[in-house]
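Before any comments, here is the structure.
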Amino acid sequence: MAEVSNHPERNSYGETDPLVSFTSNAVLAYDGSGKARGEFGAINGPPINRLPHELFVAVFELYVGADTPVQNLVTLMLVCKLWRNIVEGTPSLWRRISGREGLSAVRKALSIARDVSLEIKYREDSAEMDVKTFFAQINDRVAQWKSLVINLAAASFDSPLAVLRTTAGLKLQTLHLIGRWDREWEVIAAPLRLSGLRSLELNRSPIISAEELLRVIKDSPALEELALHRLVSLKDFVAPGHEGGLGAQSRSTGAHHPAIQLLHLHHLSLLGLPTSFTHFLLSVIRPQTLRSFSLECKIHESPASELFTADLCHFPPALKGSIATAEEFQISSLDDNSWVLCVGNLYIRFEGPSVTPKHVEETLD
């Protein structure tokens, strides 16, 4: 049997134990003496308690979920006094506000979070309170909103969006508005005071006009993720530069609108939008490298004449990142009127009355 080592950082076989070694080094690095004399730390107790509280916070961040953050934090607080002190003394751990938790949990999180940036999530089908009650608790903290993710099935979007229409200087970086798939929402005509977004997802939501949507995109040059899915407000869109301004589709739209530089855009998804808007948007945005690209739209003639025109000649180089790691190339037909092209993280689906193999060739070209 191997002898027990006198060195605490070595195991019974004389080998270095990485966990003990890491703990010893972390403690020594903390104050140079091996004693964790922090605001939350203690010099006695098990070795793990001697770690810097920043390491505890980093681990706690991985444990706390977006759906039940307060419940997760309370669980951590029950472990020991040290953990309780760390959790209660770190406002950033309480930044997640979820409608899935009760009113008391939301109020507790807001009180401890104080002035940190907030991440708001409300999903109606699992919420413990109605949308008006939930947003009544957080509307006065709108200056702290960093992320707003809303998924509604039946309730109106008026309550969560009212504050976005009236508050200037918002610091919102993430906005996801998701509506029920089988409901037609009344379009909200009033503009939203949004700019500087990093992630924007609009899915069957009653978003503003096409002009206002383009303004929000233009005023968010650091945008990293953009997902626009089945927006009813765009159903009558036609590109500018044609007779009647936004009154008819143009197949040469790039020259009629300034380019929108989106050098940080990595993920783009355009599903179920009018072909006229899809073509227009692709003709004016200038992403540098897309790591994923998804496209679904209906065609009446052919992809070459309706979508992949000369106005999109700048776009293919941006797609290299989405196919860089591709291991297979797949073309499949779902039925007589639709087909799908998949290459790595590039996904294109066309639907129409007369989808033919020629259309596949046009898209590949």
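In the structure tokens, chains take letters A, B, ... by order of appearance, with residues numbered from 1 within each chain and ligands from 1 in the order shown.
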Apply DSSP to the structure's backbone, then extract all residues of range 74-270 of chain A labelled strand (DSSP E or B) and return them as an MDAnalysis selection string. chainID A and resid 96:98 118:123 145:151 174:178 199:203 225:229 242 245 260:262 267:270
What's the 9 Å shell around Thr68 in chain A, counting only C-alpha atoms, without same-chain residues fewer than 2 positions away, as a compact mmCIF listing (two decimals) with N, CA and C atoms, in the first residue's frame?
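Wrote it out as out25.txt, contents follow:
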# COMPACT_ATOMS: atom_id res chain seq x y z
N VAL A 64 -27.46 29.33 -11.44
CA VAL A 64 -28.71 30.09 -11.45
C VAL A 64 -29.29 30.12 -12.87
N GLY A 65 -30.53 29.66 -13.03
CA GLY A 65 -31.19 29.64 -14.33
C GLY A 65 -32.04 30.87 -14.57
N ALA A 66 -32.48 31.05 -15.81
CA ALA A 66 -33.27 32.22 -16.18
C ALA A 66 -34.73 32.07 -15.79
N VAL A 70 -34.58 33.17 -8.44
CA VAL A 70 -34.68 33.40 -7.00
C VAL A 70 -34.73 32.07 -6.26
N GLN A 71 -35.48 31.12 -6.79
CA GLN A 71 -35.54 29.79 -6.17
C GLN A 71 -34.16 29.16 -6.13
N ASN A 72 -33.39 29.30 -7.20
CA ASN A 72 -32.04 28.75 -7.23
C ASN A 72 -31.14 29.43 -6.20
N LEU A 73 -31.26 30.74 -6.09
CA LEU A 73 -30.43 31.48 -5.14
C LEU A 73 -30.77 31.13 -3.69
N ARG A 96 -31.60 38.64 -12.60
CA ARG A 96 -32.59 37.95 -13.44
C ARG A 96 -33.97 38.02 -12.78
N ILE A 97 -34.94 38.56 -13.52
CA ILE A 97 -36.30 38.71 -13.02
C ILE A 97 -37.22 37.87 -13.91
N SER A 98 -37.88 36.88 -13.32
CA SER A 98 -38.68 35.94 -14.10
C SER A 98 -40.14 35.94 -13.67
N GLY A 99 -41.03 35.95 -14.66
CA GLY A 99 -42.46 35.89 -14.37
C GLY A 99 -42.90 34.52 -13.89
N ARG A 100 -42.03 33.53 -14.01
CA ARG A 100 -42.38 32.19 -13.56
C ARG A 100 -42.39 32.09 -12.04
N GLU A 101 -41.76 33.05 -11.37
CA GLU A 101 -41.74 33.06 -9.91
C GLU A 101 -42.81 34.02 -9.39
Identify which of the residues A:Gly102, A:Pro274, A:Pro160, A:Pro191 lies closest to Leu307 in chain A, counting only C-alpha atoms when measuring atom-to-atom distances.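 The shortest atom-to-atom distance to Leu307 in chain A comes from A:Pro274.
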Find the spatial neighbours of Glu54 in chain A, counting only C-alpha atoms, within a cut-off of 10 Å - ignore same-chain residues fewer than 5 positions away - and output them as number ranges by chain. A: 40, 59-60, 86, 90
Put those residues in a file: N, CA, C and O atoms, as a JSON list (two decimals), in the first residue's frame.
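The resulting file, again37.json, is reproduced below:
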[["chain", "number", "residue", "atom", "x", "y", "z"],
["A", 40, "PHE", "N", -16.62, 38.26, 2.68],
["A", 40, "PHE", "CA", -17.48, 37.12, 2.92],
["A", 40, "PHE", "C", -16.70, 35.92, 3.44],
["A", 40, "PHE", "O", -17.28, 34.93, 3.84],
["A", 59, "VAL", "N", -19.15, 30.37, -9.91],
["A", 59, "VAL", "CA", -19.82, 29.06, -9.92],
["A", 59, "VAL", "C", -21.32, 29.23, -9.74],
["A", 59, "VAL", "O", -22.12, 28.56, -10.42],
["A", 60, "PHE", "N", -21.73, 30.13, -8.86],
["A", 60, "PHE", "CA", -23.16, 30.36, -8.63],
["A", 60, "PHE", "C", -23.85, 30.85, -9.91],
["A", 60, "PHE", "O", -25.00, 30.50, -10.18],
["A", 86, "ILE", "N", -22.55, 35.45, 0.82],
["A", 86, "ILE", "CA", -22.09, 35.76, -0.54],
["A", 86, "ILE", "C", -23.27, 36.06, -1.45],
["A", 86, "ILE", "O", -23.26, 37.05, -2.19],
["A", 90, "THR", "N", -24.19, 39.95, -3.09],
["A", 90, "THR", "CA", -23.78, 40.12, -4.49],
["A", 90, "THR", "C", -25.00, 40.50, -5.33],
["A", 90, "THR", "O", -25.72, 39.63, -5.84]]
Nearest candidate to Glu88 in chain A (options A:Ser111, A:Ser147, A:Ser104, A:Ser199; using only C-alpha atoms):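 The closest residue to Glu88 in chain A is A:Ser111.
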Please indicate the distance in Å from CA of Gly352 in chain A to CA of His229 in chain A, rounded to one decimal place.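 Between CA of Gly352 in chain A and CA of His229 in chain A the gap works out to 18.1 Å.
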DSSP helix (DSSP H, G or I) selection over range 39-122 of chain A, as an MDAnalysis selection string: chainID A and resid 47:50 53:63 69:77 81:88 91:94 103:113
Interatomic distance between CA of Val87 in chain A and CA of Phe134 in chain A?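 Straight-line distance from CA of Val87 in chain A to CA of Phe134 in chain A works out to 23.9 Å.
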Let me make sure I understand: among A:Gln330, A:Ser338, A:Asn345, A:Ser322, which one has the smallest atom-to-atom distance to Ile299 in chain A if we use only C-alpha atoms?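 Distance minimum relative to Ile299 in chain A lands on A:Ser338.
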When you look at Ser195 in chain A with a cut-off of 10 Å (counting only C-alpha atoms), what residues show up, excluding the ones that are within fewer than 3 positions of it in the same chain? I need them as number ranges by chain. A: 169-173, 192, 198, 215-223
When you look at Leu271 in chain A with a cut-off of 8 Å (counting only C-alpha atoms), what residues show up, excluding the ones that are within fewer than 3 positions of it in the same chain? I need them as a ChimeraX atom specification. /A:228-230,294-297
Can you write out the residues you just picked, keeping C-alpha atoms, as an mmCIF file, in the first residue's frame?
data_model
loop_
_atom_site.group_PDB
_atom_site.id
_atom_site.type_symbol
_atom_site.label_atom_id
_atom_site.label_comp_id
_atom_site.auth_asym_id
_atom_site.auth_seq_id
_atom_site.Cartn_x
_atom_site.Cartn_y
_atom_site.Cartn_z
ATOM 1 C CA LEU A 228 -37.289 38.222 -37.822
ATOM 2 C CA HIS A 229 -40.024 35.604 -38.096
ATOM 3 C CA ARG A 230 -43.511 35.888 -39.615
ATOM 4 C CA SER A 294 -31.517 30.762 -41.963
ATOM 5 C CA LEU A 295 -33.940 31.805 -44.686
ATOM 6 C CA GLU A 296 -37.505 30.783 -45.494
ATOM 7 C CA CYS A 297 -39.691 32.541 -48.041
#
